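S.K.: See query-v4.cif below, with mmCIF, C-alpha atoms.
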data_protein
loop_
_atom_site.group_PDB
_atom_site.id
_atom_site.type_symbol
_atom_site.label_atom_id
_atom_site.label_comp_id
_atom_site.auth_asym_id
_atom_site.auth_seq_id
_atom_site.Cartn_x
_atom_site.Cartn_y
_atom_site.Cartn_z
ATOM 1 C CA MET A 1 11.822 40.034 2.317
ATOM 2 C CA ALA A 2 15.061 41.181 0.762
ATOM 3 C CA GLU A 3 15.710 40.186 -2.810
ATOM 4 C CA LEU A 4 18.936 39.260 -4.512
ATOM 5 C CA ASN A 5 20.540 42.259 -6.179
ATOM 6 C CA THR A 6 21.111 40.768 -9.614
ATOM 7 C CA ILE A 7 23.148 43.749 -10.770
ATOM 8 C CA ILE A 8 25.779 43.143 -8.102
ATOM 9 C CA HIS A 9 25.474 39.354 -8.111
ATOM 10 C CA GLN A 10 27.086 38.857 -11.545
ATOM 11 C CA PRO A 11 30.603 37.438 -10.855
ATOM 12 C CA VAL A 12 32.667 40.166 -12.528
ATOM 13 C CA ARG A 13 30.494 42.968 -11.165
ATOM 14 C CA LEU A 14 30.681 41.398 -7.705
ATOM 15 C CA LYS A 15 34.477 41.483 -7.911
ATOM 16 C CA ILE A 16 34.405 45.092 -9.120
ATOM 17 C CA MET A 17 32.216 46.117 -6.209
ATOM 18 C CA SER A 18 34.336 44.141 -3.747
ATOM 19 C CA ALA A 19 37.571 45.674 -5.020
ATOM 20 C CA LEU A 20 36.170 49.193 -4.752
ATOM 21 C CA LYS A 21 34.570 48.562 -1.363
ATOM 22 C CA ALA A 22 38.005 47.717 0.093
ATOM 23 C CA LEU A 23 39.268 51.230 -0.596
ATOM 24 C CA PRO A 24 38.750 54.218 1.699
ATOM 25 C CA PRO A 25 35.606 56.231 0.836
ATOM 26 C CA ALA A 26 36.010 58.488 -2.212
ATOM 27 C CA GLU A 27 39.263 56.730 -3.154
ATOM 28 C CA MET A 28 39.455 55.825 -6.815
ATOM 29 C CA LEU A 29 40.903 52.815 -8.592
ATOM 30 C CA GLU A 30 42.466 53.020 -12.015
ATOM 31 C CA PHE A 31 40.861 50.995 -14.776
ATOM 32 C CA VAL A 32 44.127 49.162 -15.521
ATOM 33 C CA ARG A 33 44.545 48.064 -11.917
ATOM 34 C CA LEU A 34 40.885 47.100 -11.603
ATOM 35 C CA ARG A 35 41.169 44.951 -14.725
ATOM 36 C CA LYS A 36 44.012 42.966 -13.182
ATOM 37 C CA LEU A 37 42.264 42.653 -9.857
ATOM 38 C CA VAL A 38 39.072 41.208 -11.315
ATOM 39 C CA ASP A 39 40.860 39.349 -14.105
ATOM 40 C CA ALA A 40 38.672 40.577 -16.933
ATOM 41 C CA THR A 41 39.338 41.756 -20.462
ATOM 42 C CA GLU A 42 39.219 45.456 -21.203
ATOM 43 C CA GLY A 43 35.945 45.239 -23.112
ATOM 44 C CA ASN A 44 34.322 42.972 -20.550
ATOM 45 C CA LEU A 45 35.306 45.217 -17.679
ATOM 46 C CA GLY A 46 34.136 48.306 -19.514
ATOM 47 C CA ALA A 47 30.706 46.796 -20.131
ATOM 48 C CA HIS A 48 30.237 45.789 -16.505
ATOM 49 C CA ILE A 49 31.408 49.162 -15.224
ATOM 50 C CA GLN A 50 28.872 50.806 -17.510
ATOM 51 C CA THR A 51 26.118 48.625 -16.051
ATOM 52 C CA LEU A 52 27.152 49.568 -12.520
ATOM 53 C CA GLU A 53 27.409 53.232 -13.461
ATOM 54 C CA GLU A 54 23.912 53.210 -14.963
ATOM 55 C CA ALA A 55 22.653 51.663 -11.723
ATOM 56 C CA GLY A 56 24.298 54.513 -9.813
ATOM 57 C CA TYR A 57 26.653 52.210 -7.950
ATOM 58 C CA VAL A 58 29.958 53.480 -9.340
ATOM 59 C CA ALA A 59 31.224 56.760 -10.706
ATOM 60 C CA VAL A 60 33.730 56.966 -13.535
ATOM 61 C CA GLU A 61 36.178 59.827 -13.947
ATOM 62 C CA LYS A 62 38.426 60.402 -16.923
ATOM 63 C CA ASP A 63 41.393 62.740 -16.873
ATOM 64 C CA PHE A 64 45.074 62.895 -17.762
ATOM 65 C CA ALA A 65 48.021 61.862 -15.651
ATOM 66 C CA ASP A 66 51.569 62.428 -16.885
ATOM 67 C CA ASN A 67 50.073 63.398 -20.252
ATOM 68 C CA ARG A 68 48.338 60.040 -20.592
ATOM 69 C CA PRO A 69 44.575 59.432 -20.496
ATOM 70 C CA ARG A 70 43.439 57.859 -17.281
ATOM 71 C CA THR A 71 40.127 56.286 -16.272
ATOM 72 C CA ARG A 72 39.308 55.810 -12.628
ATOM 73 C CA VAL A 73 36.370 54.252 -10.878
ATOM 74 C CA ARG A 74 34.987 54.714 -7.403
ATOM 75 C CA LEU A 75 32.062 53.434 -5.411
ATOM 76 C CA THR A 76 29.201 55.868 -4.919
ATOM 77 C CA ARG A 77 27.374 56.231 -1.657
ATOM 78 C CA ASP A 78 24.422 54.338 -3.153
ATOM 79 C CA GLY A 79 26.774 51.666 -4.395
ATOM 80 C CA ARG A 80 28.345 51.239 -1.004
ATOM 81 C CA ARG A 81 24.930 50.938 0.596
ATOM 82 C CA ALA A 82 23.699 48.500 -2.050
ATOM 83 C CA PHE A 83 26.804 46.365 -1.624
ATOM 84 C CA GLU A 84 26.395 46.283 2.153
ATOM 85 C CA ASP A 85 22.746 45.260 1.687
ATOM 86 C CA TYR A 86 23.859 42.530 -0.712
ATOM 87 C CA VAL A 87 26.399 41.163 1.779
ATOM 88 C CA ALA A 88 23.766 41.273 4.529
ATOM 89 C CA PHE A 89 21.424 39.352 2.230
ATOM 90 C CA LEU A 90 24.052 36.648 1.679
ATOM 91 C CA ARG A 91 24.760 36.391 5.391
ATOM 92 C CA GLY A 92 21.018 36.169 6.012
ATOM 93 C CA ILE A 93 20.876 33.077 3.819
ATOM 94 C CA LEU A 94 23.612 31.424 5.859
ATOM 95 C CA GLU A 95 21.965 32.287 9.134
ATOM 96 C CA ALA A 96 18.477 31.157 8.103
ATOM 97 C CA MET B 1 16.125 34.300 -8.045
ATOM 98 C CA THR B 2 17.236 32.518 -4.886
ATOM 99 C CA LEU B 3 20.594 31.300 -3.665
ATOM 100 C CA SER B 4 21.512 28.176 -1.772
ATOM 101 C CA PRO B 5 23.600 28.510 1.392
ATOM 102 C CA SER B 6 26.609 27.075 -0.430
ATOM 103 C CA GLN B 7 26.243 29.625 -3.232
ATOM 104 C CA ALA B 8 25.939 32.401 -0.681
ATOM 105 C CA SER B 9 29.018 31.098 1.111
ATOM 106 C CA GLU B 10 31.019 31.010 -2.128
ATOM 107 C CA SER B 11 29.999 34.559 -2.961
ATOM 108 C CA LEU B 12 31.082 35.755 0.477
ATOM 109 C CA LYS B 13 34.441 34.014 0.046
ATOM 110 C CA ASP B 14 34.916 35.692 -3.342
ATOM 111 C CA ILE B 15 34.089 39.041 -1.769
ATOM 112 C CA GLU B 16 36.539 38.526 1.068
ATOM 113 C CA ALA B 17 39.352 37.409 -1.234
ATOM 114 C CA THR B 18 38.853 40.319 -3.635
ATOM 115 C CA GLU B 19 38.595 42.874 -0.830
ATOM 116 C CA ARG B 20 41.782 41.548 0.767
ATOM 117 C CA ARG B 21 43.698 41.659 -2.503
ATOM 118 C CA SER B 22 42.393 45.122 -3.380
ATOM 119 C CA ALA B 23 43.328 46.545 0.026
ATOM 120 C CA GLN B 24 46.792 45.049 -0.284
ATOM 121 C CA VAL B 25 47.362 46.416 -3.787
ATOM 122 C CA PHE B 26 46.134 49.817 -2.628
ATOM 123 C CA SER B 27 48.574 49.769 0.282
ATOM 124 C CA TYR B 28 51.439 48.769 -2.007
ATOM 125 C CA ALA B 29 50.646 51.502 -4.511
ATOM 126 C CA LYS B 30 50.456 54.181 -1.808
ATOM 127 C CA SER B 31 53.827 53.085 -0.361
ATOM 128 C CA SER B 32 55.635 52.861 -3.693
ATOM 129 C CA PRO B 33 56.726 56.517 -4.059
ATOM 130 C CA TYR B 34 58.008 56.613 -0.491
ATOM 131 C CA PHE B 35 60.264 53.592 -1.124
ATOM 132 C CA ILE B 36 61.619 55.183 -4.288
ATOM 133 C CA LEU B 37 62.217 58.525 -2.568
ATOM 134 C CA TRP B 38 64.145 57.028 0.354
ATOM 135 C CA GLY B 39 66.001 54.699 -1.994
ATOM 136 C CA VAL B 40 67.316 57.720 -3.876
ATOM 137 C CA ILE B 41 68.184 59.384 -0.561
ATOM 138 C CA TRP B 42 70.153 56.335 0.503
ATOM 139 C CA MET B 43 71.942 56.292 -2.842
ATOM 140 C CA ALA B 44 72.932 59.939 -2.485
ATOM 141 C CA GLY B 45 73.798 59.729 1.204
ATOM 142 C CA TYR B 46 75.895 56.598 1.083
ATOM 143 C CA ALA B 47 77.662 57.649 -2.110
ATOM 144 C CA ALA B 48 78.520 61.008 -0.561
ATOM 145 C CA SER B 49 79.646 59.322 2.665
ATOM 146 C CA GLY B 50 81.897 57.038 0.677
ATOM 147 C CA ALA B 51 83.351 59.911 -1.333
ATOM 148 C CA MET B 52 83.910 62.045 1.771
ATOM 149 C CA SER B 53 85.648 59.226 3.626
ATOM 150 C CA ALA B 54 88.034 58.278 0.835
ATOM 151 C CA ASP B 55 90.769 60.511 2.282
ATOM 152 C CA GLY B 56 90.121 59.706 5.926
ATOM 153 C CA PRO B 57 87.610 60.341 8.720
ATOM 154 C CA THR B 58 85.168 63.217 8.226
ATOM 155 C CA HIS B 59 82.768 65.030 10.516
ATOM 156 C CA PHE B 60 80.578 66.171 7.633
ATOM 157 C CA ALA B 61 78.695 62.895 7.227
ATOM 158 C CA GLY B 62 76.394 63.558 10.203
ATOM 159 C CA PRO B 63 75.183 66.999 9.062
ATOM 160 C CA MET B 64 74.954 65.697 5.515
ATOM 161 C CA TRP B 65 72.677 62.837 6.544
ATOM 162 C CA SER B 66 70.595 65.219 8.672
ATOM 163 C CA ALA B 67 70.083 67.457 5.659
ATOM 164 C CA LEU B 68 69.127 64.472 3.499
ATOM 165 C CA ASP B 69 66.654 63.339 6.138
ATOM 166 C CA VAL B 70 65.020 66.765 6.021
ATOM 167 C CA VAL B 71 64.794 66.434 2.235
ATOM 168 C CA GLY B 72 63.269 63.000 2.651
ATOM 169 C CA ILE B 73 60.694 64.187 5.161
ATOM 170 C CA ALA B 74 59.788 67.165 2.974
ATOM 171 C CA GLY B 75 59.528 64.888 -0.040
ATOM 172 C CA SER B 76 57.305 62.519 1.900
ATOM 173 C CA ALA B 77 55.037 65.428 2.800
ATOM 174 C CA VAL B 78 54.762 66.376 -0.868
ATOM 175 C CA ILE B 79 53.968 62.787 -1.827
ATOM 176 C CA GLY B 80 51.315 62.567 0.848
ATOM 177 C CA TYR B 81 49.766 65.854 -0.276
ATOM 178 C CA ARG B 82 49.652 64.780 -3.933
ATOM 179 C CA GLN B 83 48.163 61.395 -3.060
ATOM 180 C CA ASN B 84 45.392 62.946 -1.018
ATOM 181 C CA ARG B 85 44.743 65.951 -3.217
ATOM 182 C CA GLY B 86 41.097 66.036 -4.191
ATOM 183 C CA GLN B 87 40.104 63.670 -1.428
ATOM 184 C CA PRO B 88 37.625 65.032 1.093
ATOM 185 C CA ALA B 89 39.580 66.211 4.111
ATOM 186 C CA ASP B 90 38.562 64.163 7.112
ATOM 187 C CA ALA B 91 39.780 63.433 10.603
ATOM 188 C CA GLU B 92 41.001 59.954 9.680
ATOM 189 C CA GLY B 93 43.117 61.288 6.827
ATOM 190 C CA ARG B 94 44.698 63.879 9.072
ATOM 191 C CA ARG B 95 45.356 61.234 11.715
ATOM 192 C CA THR B 96 47.036 59.024 9.128
ATOM 193 C CA GLY B 97 49.293 61.867 8.049
ATOM 194 C CA MET B 98 50.159 62.740 11.625
ATOM 195 C CA ARG B 99 50.908 59.087 12.404
ATOM 196 C CA TYR B 100 53.279 58.879 9.439
ATOM 197 C CA PHE B 101 55.321 61.875 10.531
ATOM 198 C CA ALA B 102 55.166 60.813 14.144
ATOM 199 C CA SER B 103 56.605 57.465 13.056
ATOM 200 C CA ILE B 104 59.542 59.232 11.428
ATOM 201 C CA GLY B 105 60.020 61.197 14.638
ATOM 202 C CA VAL B 106 60.027 57.975 16.664
ATOM 203 C CA VAL B 107 62.664 56.466 14.369
ATOM 204 C CA VAL B 108 64.864 59.568 14.653
ATOM 205 C CA LEU B 109 64.552 59.608 18.431
ATOM 206 C CA PHE B 110 65.312 55.887 18.553
ATOM 207 C CA PHE B 111 68.536 56.366 16.624
ATOM 208 C CA ILE B 112 69.604 59.258 18.848
ATOM 209 C CA ALA B 113 68.844 57.242 21.975
ATOM 210 C CA ALA B 114 70.492 54.098 20.630
ATOM 211 C CA MET B 115 73.666 55.889 19.587
ATOM 212 C CA SER B 116 73.909 57.684 22.924
ATOM 213 C CA VAL B 117 73.594 54.362 24.765
ATOM 214 C CA ILE B 118 75.870 52.382 22.460
ATOM 215 C CA GLY B 119 78.473 55.121 22.425
ATOM 216 C CA PRO B 120 81.146 55.711 19.803
ATOM 217 C CA ILE B 121 81.394 52.857 17.338
ATOM 218 C CA ALA B 122 83.311 52.329 14.145
ATOM 219 C CA PRO B 123 81.760 54.271 11.235
ATOM 220 C CA ILE B 124 81.095 51.084 9.283
ATOM 221 C CA ARG B 125 79.092 49.673 12.195
ATOM 222 C CA GLN B 126 77.054 52.849 12.425
ATOM 223 C CA ALA B 127 76.531 52.813 8.669
ATOM 224 C CA ALA B 128 75.255 49.227 8.862
ATOM 225 C CA PHE B 129 73.116 49.705 11.963
ATOM 226 C CA PHE B 130 70.742 52.270 10.483
ATOM 227 C CA PRO B 131 69.615 50.289 7.429
ATOM 228 C CA LEU B 132 69.223 47.140 9.535
ATOM 229 C CA VAL B 133 66.768 48.939 11.808
ATOM 230 C CA ILE B 134 64.864 50.375 8.858
ATOM 231 C CA ALA B 135 64.743 46.951 7.246
ATOM 232 C CA MET B 136 63.332 45.526 10.458
ATOM 233 C CA PHE B 137 60.481 48.045 10.335
ATOM 234 C CA TYR B 138 59.729 47.071 6.735
ATOM 235 C CA ALA B 139 59.728 43.391 7.668
ATOM 236 C CA ILE B 140 57.377 43.947 10.603
ATOM 237 C CA MET B 141 55.134 46.063 8.396
ATOM 238 C CA GLY B 142 55.152 43.222 5.916
ATOM 239 C CA LEU B 143 53.856 40.763 8.499
ATOM 240 C CA TRP B 144 50.771 42.929 8.870
ATOM 241 C CA ARG B 145 50.333 44.657 5.529
ATOM 242 C CA GLY B 146 51.698 42.368 2.817
ATOM 243 C CA THR B 147 54.440 40.021 1.746
ATOM 244 C CA ARG B 148 56.173 42.513 -0.535
ATOM 245 C CA PHE B 149 57.044 44.745 2.412
ATOM 246 C CA LEU B 150 58.433 41.719 4.245
ATOM 247 C CA LEU B 151 60.554 40.697 1.265
ATOM 248 C CA ALA B 152 61.870 44.256 0.894
ATOM 249 C CA GLY B 153 62.925 44.239 4.547
ATOM 250 C CA VAL B 154 64.596 40.865 4.216
ATOM 251 C CA ALA B 155 66.430 41.916 1.047
ATOM 252 C CA VAL B 156 67.823 45.091 2.623
ATOM 253 C CA THR B 157 68.869 43.130 5.712
ATOM 254 C CA LEU B 158 70.712 40.474 3.746
ATOM 255 C CA LEU B 159 72.392 42.994 1.440
ATOM 256 C CA THR B 160 73.530 45.084 4.403
ATOM 257 C CA LEU B 161 74.905 42.104 6.293
ATOM 258 C CA PHE B 162 76.625 40.744 3.202
ATOM 259 C CA GLY B 163 78.310 44.059 2.505
ATOM 260 C CA PHE B 164 79.311 44.539 6.129
ATOM 261 C CA PHE B 165 80.912 41.134 6.598
ATOM 262 C CA TRP B 166 82.341 40.833 3.087
ATOM 263 C CA LEU B 167 83.772 44.315 2.468
ATOM 264 C CA ARG B 168 84.882 45.312 5.999
ATOM 265 C CA ASP B 169 85.920 48.735 4.673
ATOM 266 C CA PHE B 170 83.830 51.825 5.387
ATOM 267 C CA THR B 171 84.310 53.537 2.033
ATOM 268 C CA LEU B 172 83.590 50.399 0.014
ATOM 269 C CA PHE B 173 80.628 49.566 2.262
ATOM 270 C CA CYS B 174 79.146 53.010 1.638
ATOM 271 C CA TYR B 175 79.425 52.567 -2.108
ATOM 272 C CA TRP B 176 77.901 49.066 -1.719
ATOM 273 C CA MET B 177 74.958 50.450 0.257
ATOM 274 C CA ALA B 178 74.465 53.286 -2.214
ATOM 275 C CA ALA B 179 74.204 50.803 -5.067
ATOM 276 C CA VAL B 180 72.406 47.816 -3.563
ATOM 277 C CA GLY B 181 70.790 49.256 -0.438
ATOM 278 C CA GLY B 182 69.386 52.307 -2.143
ATOM 279 C CA GLY B 183 68.888 50.307 -5.302
ATOM 280 C CA ALA B 184 66.906 47.670 -3.435
ATOM 281 C CA LEU B 185 64.540 50.302 -2.056
ATOM 282 C CA VAL B 186 64.036 51.841 -5.484
ATOM 283 C CA LEU B 187 63.388 48.441 -7.063
ATOM 284 C CA ALA B 188 61.024 47.556 -4.229
ATOM 285 C CA GLY B 189 59.173 50.789 -4.875
ATOM 286 C CA LEU B 190 58.799 49.962 -8.549
ATOM 287 C CA TRP B 191 57.652 46.426 -7.682
ATOM 288 C CA LEU B 192 55.042 47.785 -5.273
ATOM 289 C CA ARG B 193 53.409 49.619 -8.203
ATOM 290 C CA LYS B 194 52.582 46.385 -9.973
ATOM 291 C CA VAL B 195 49.292 44.625 -9.386
#
Any chance you could give the structure as structure tokens?
M.R.:
Amino acid sequence: MAELNTIIHQPVRLKIMSALKALPPAEMLEFVRLRKLVDATEGNLGAHIQTLEEAGYVAVEKDFADNRPRTRVRLTRDGRRAFEDYVAFLRGILEA
Amino acid sequence: MTLSPSQASESLKDIEATERRSAQVFSYAKSSPYFILWGVIWMAGYAASGAMSADGPTHFAGPMWSALDVVGIAGSAVIGYRQNRGQPADAEGRRTGMRYFASIGVVVLFFIAAMSVIGPIAPIRQAAFFPLVIAMFYAIMGLWRGTRFLLAGVAVTLLTLFGFFWLRDFTLFCYWMAAVGGGALVLAGLWLRKV
């Protein structure tokens, strides 16, 4: 019996995963944009991204764009699969 | 830990809402540089058309606009390349790129066909017709892809019509379109960047 993925289930992390899942595969989302999409503070978002990164669900890349530091996040293949399993789990509850 | 059906339903709604918003913001951000590029092209083209027409009719406007269109298409190709640089090359990405340039080709062919059917018209009418058609495409795109595209199309339409019916002079209309038509596209492009 499938279990609830508690890493993804947290509200802010769920929004992070949802926002990233909507992008084409391998597409990245800038930290600033992600913060506005999920409506979180910088520190809060950073902590949740770290949790997801440690779980292997997201990958973080840091570089420079127009001479300014830039942080971008993308969903990993494992993250995409885990998110799809999580959504299937939720739908399973509704269909039970 | 278990979830009730209502909790599961709420989570699914949150997912759907966030995914929809994220996809929309992504679409806006990708489109932003194209709006700015063509806004600058309109500014240059209409300003040059106005300057060239100040002393009377000119036959240079057509070739000038053709050259600017080539610049715009080349610029769009560069934008597309930079946006997709580093992304894994796949069939869908290539199809998207081909569809974009095919769309430009369709628009060009439409204008050629329309002008050949309509026949010679006053320069000011021709100058107003093109942006109205482009604005229509933006508005239709907005119905499917997001309200900001729709509003951009409506703004360009209204500004074009206002200038056409208020100014009634080709040279002044060209300067009007350079400032507010091109300006509207540039501002729309900057707005599309914002989340």
S.K.: Identify all residues satisfying the PyMOL selection byres ((chain B) within 12 of (chain A)) in the given file; provide them as a ChimeraX atom specification.
M.R.: /B:1-27,29-30,83-90,92-93,193-195
S.K.: Got a sec: who's within 10 Å of Ala82 of chain A, counting all atoms listed in the file, leaving out chain neighbours fewer than 3 positions off, as a ChimeraX atom specification?
M.R.: /A:5,7-8,17,56-57,76-79,85-88
S.K.: Which value, in Å to one decimal, gives the distance between atom CA of Pro63 of chain B and atom CA of Val154 of chain B?
M.R.: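 Computing the Euclidean distance for atom CA of Pro63 of chain B and atom CA of Val154 of chain B yields 28.6 Å.
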S.K.: For Ala184 of chain B, work out the shell of residues within 9 Å, counting all atoms listed in the file and skipping chain neighbours fewer than 4 positions away, then give it as a PyMOL selection string.
M.R.: chain B and resi 39+152+155-156+159+179-180+188-189
S.K.: Would you save the residues of that selection, restricted to C-alpha atoms, as a short mmCIF file (atom, residue, chain, number, x, y, z; two decimals), in the frame of the given file?
M.R.:
data_model
loop_
_atom_site.label_atom_id
_atom_site.label_comp_id
_atom_site.auth_asym_id
_atom_site.auth_seq_id
_atom_site.Cartn_x
_atom_site.Cartn_y
_atom_site.Cartn_z
CA GLY B 39 66.00 54.70 -1.99
CA ALA B 152 61.87 44.26 0.89
CA ALA B 155 66.43 41.92 1.05
CA VAL B 156 67.82 45.09 2.62
CA LEU B 159 72.39 42.99 1.44
CA ALA B 179 74.20 50.80 -5.07
CA VAL B 180 72.41 47.82 -3.56
CA ALA B 188 61.02 47.56 -4.23
CA GLY B 189 59.17 50.79 -4.88
#
S.K.: I need the residue set behind the PyMOL selection byres ((chain B and resi 67-82) around 10) for this file; please write it as number ranges by chain.
M.R.: B: 30-31, 33-35, 37-42, 44-45, 61-66, 83-87, 96-97, 100-101, 104-105, 108
S.K.: Mind writing the picked residues with C-alpha atoms as an mmCIF file, in the coordinates of the input?
M.R.:
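Now in selection_27.cif:
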data_model
loop_
_atom_site.group_PDB
_atom_site.id
_atom_site.type_symbol
_atom_site.label_atom_id
_atom_site.label_comp_id
_atom_site.auth_asym_id
_atom_site.auth_seq_id
_atom_site.Cartn_x
_atom_site.Cartn_y
_atom_site.Cartn_z
ATOM 1 C CA LYS B 30 50.456 54.181 -1.808
ATOM 2 C CA SER B 31 53.827 53.085 -0.361
ATOM 3 C CA PRO B 33 56.726 56.517 -4.059
ATOM 4 C CA TYR B 34 58.008 56.613 -0.491
ATOM 5 C CA PHE B 35 60.264 53.592 -1.124
ATOM 6 C CA LEU B 37 62.217 58.525 -2.568
ATOM 7 C CA TRP B 38 64.145 57.028 0.354
ATOM 8 C CA GLY B 39 66.001 54.699 -1.994
ATOM 9 C CA VAL B 40 67.316 57.720 -3.876
ATOM 10 C CA ILE B 41 68.184 59.384 -0.561
ATOM 11 C CA TRP B 42 70.153 56.335 0.503
ATOM 12 C CA ALA B 44 72.932 59.939 -2.485
ATOM 13 C CA GLY B 45 73.798 59.729 1.204
ATOM 14 C CA ALA B 61 78.695 62.895 7.227
ATOM 15 C CA GLY B 62 76.394 63.558 10.203
ATOM 16 C CA PRO B 63 75.183 66.999 9.062
ATOM 17 C CA MET B 64 74.954 65.697 5.515
ATOM 18 C CA TRP B 65 72.677 62.837 6.544
ATOM 19 C CA SER B 66 70.595 65.219 8.672
ATOM 20 C CA GLN B 83 48.163 61.395 -3.060
ATOM 21 C CA ASN B 84 45.392 62.946 -1.018
ATOM 22 C CA ARG B 85 44.743 65.951 -3.217
ATOM 23 C CA GLY B 86 41.097 66.036 -4.191
ATOM 24 C CA GLN B 87 40.104 63.670 -1.428
ATOM 25 C CA THR B 96 47.036 59.024 9.128
ATOM 26 C CA GLY B 97 49.293 61.867 8.049
ATOM 27 C CA TYR B 100 53.279 58.879 9.439
ATOM 28 C CA PHE B 101 55.321 61.875 10.531
ATOM 29 C CA ILE B 104 59.542 59.232 11.428
ATOM 30 C CA GLY B 105 60.020 61.197 14.638
ATOM 31 C CA VAL B 108 64.864 59.568 14.653
#
S.K.: I'd like the residues picked by the PyMOL selection byres ((chain A and resi 59) around 6) written out as an NGL selection string, using the chain letters and numbers from the file.
M.R.: :A and (53 or 58 or 60 or 73-74)
S.K.: Neighbours of segment 67-71 of chain A within 6 Å (all atoms listed in the file; same-chain residues fewer than 5 positions away dropped), as a list in words?
M.R.: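 Surrounding residues, per the criterion: Glu30, Phe31, Glu61 and Lys62 of chain A.
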S.K.: Identify, on the basis of all atoms listed in the file, every residue whose closest approach to Ala47 of chain A does not exceed 12 Å; exclude the query and any residue fewer than 4 positions from it along the same chain; express the result as a list in words.
M.R.: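 These residues fall inside the cut-off: Val12, Arg13, Ile16, Arg35, Ala40, Thr41, Glu42, Gly43, Thr51, Leu52, Glu53 and Glu54 of chain A.
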S.K.: Rank B:Val117, B:Leu192, B:Leu109, B:Ile134 by their smallest atom-to-atom distance to Phe149 of chain B, using only C-alpha atoms, and report the top residue only.
M.R.: B:Leu192
S.K.: By how many Å are atom CA of Gly50 of chain B and atom CA of Arg168 of chain B apart?
M.R.: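 Computed distance, atom CA of Gly50 of chain B to atom CA of Arg168 of chain B, equals 13.2 Å.
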S.K.: Could you list, as a ChimeraX atom specification, every residue within 9 Å of Val107 of chain B, counting only C-alpha atoms and ignoring same-chain residues fewer than 4 positions away?
M.R.: /B:102-103,111-112,133-134
S.K.: Record the distance separating atom CA of Gly182 of chain B and atom CA of Met43 of chain B, expressed in Å with one decimal.
M.R.: 4.8 Å
S.K.: Reconstruct N, CA, C and O atoms of segment 106-117 of chain B from the incomplete input and present them as a short mmCIF file (atom, residue, chain, number, x, y, z; two decimals), in the frame of the given file.
M.R.:
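Output (out_14.cif):
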data_model
loop_
_atom_site.label_atom_id
_atom_site.label_comp_id
_atom_site.auth_asym_id
_atom_site.auth_seq_id
_atom_site.Cartn_x
_atom_site.Cartn_y
_atom_site.Cartn_z
N VAL B 106 59.67 59.07 15.76
CA VAL B 106 60.03 57.98 16.66
C VAL B 106 61.33 57.32 16.21
O VAL B 106 62.20 57.01 17.02
N VAL B 107 61.45 57.09 14.91
CA VAL B 107 62.66 56.47 14.37
C VAL B 107 63.88 57.35 14.64
O VAL B 107 64.93 56.85 15.08
N VAL B 108 63.74 58.65 14.42
CA VAL B 108 64.86 59.57 14.65
C VAL B 108 65.27 59.54 16.12
O VAL B 108 66.45 59.44 16.47
N LEU B 109 64.26 59.62 16.99
CA LEU B 109 64.55 59.61 18.43
C LEU B 109 65.18 58.28 18.85
O LEU B 109 66.06 58.25 19.73
N PHE B 110 64.73 57.19 18.24
CA PHE B 110 65.31 55.89 18.55
C PHE B 110 66.78 55.88 18.21
O PHE B 110 67.62 55.42 19.01
N PHE B 111 67.12 56.36 17.02
CA PHE B 111 68.54 56.37 16.62
C PHE B 111 69.39 57.22 17.56
O PHE B 111 70.49 56.86 17.93
N ILE B 112 68.85 58.39 17.93
CA ILE B 112 69.60 59.26 18.85
C ILE B 112 69.81 58.54 20.18
O ILE B 112 70.92 58.53 20.73
N ALA B 113 68.75 57.94 20.69
CA ALA B 113 68.84 57.24 21.98
C ALA B 113 69.80 56.06 21.87
O ALA B 113 70.63 55.84 22.75
N ALA B 114 69.66 55.29 20.78
CA ALA B 114 70.49 54.10 20.63
C ALA B 114 71.97 54.48 20.54
O ALA B 114 72.82 53.87 21.19
N MET B 115 72.26 55.48 19.75
CA MET B 115 73.67 55.89 19.59
C MET B 115 74.23 56.45 20.89
O MET B 115 75.41 56.28 21.20
N SER B 116 73.40 57.13 21.66
CA SER B 116 73.91 57.68 22.92
C SER B 116 74.18 56.57 23.93
O SER B 116 75.09 56.67 24.75
N VAL B 117 73.38 55.49 23.85
CA VAL B 117 73.59 54.36 24.76
C VAL B 117 74.77 53.51 24.30
O VAL B 117 75.61 53.09 25.10
#
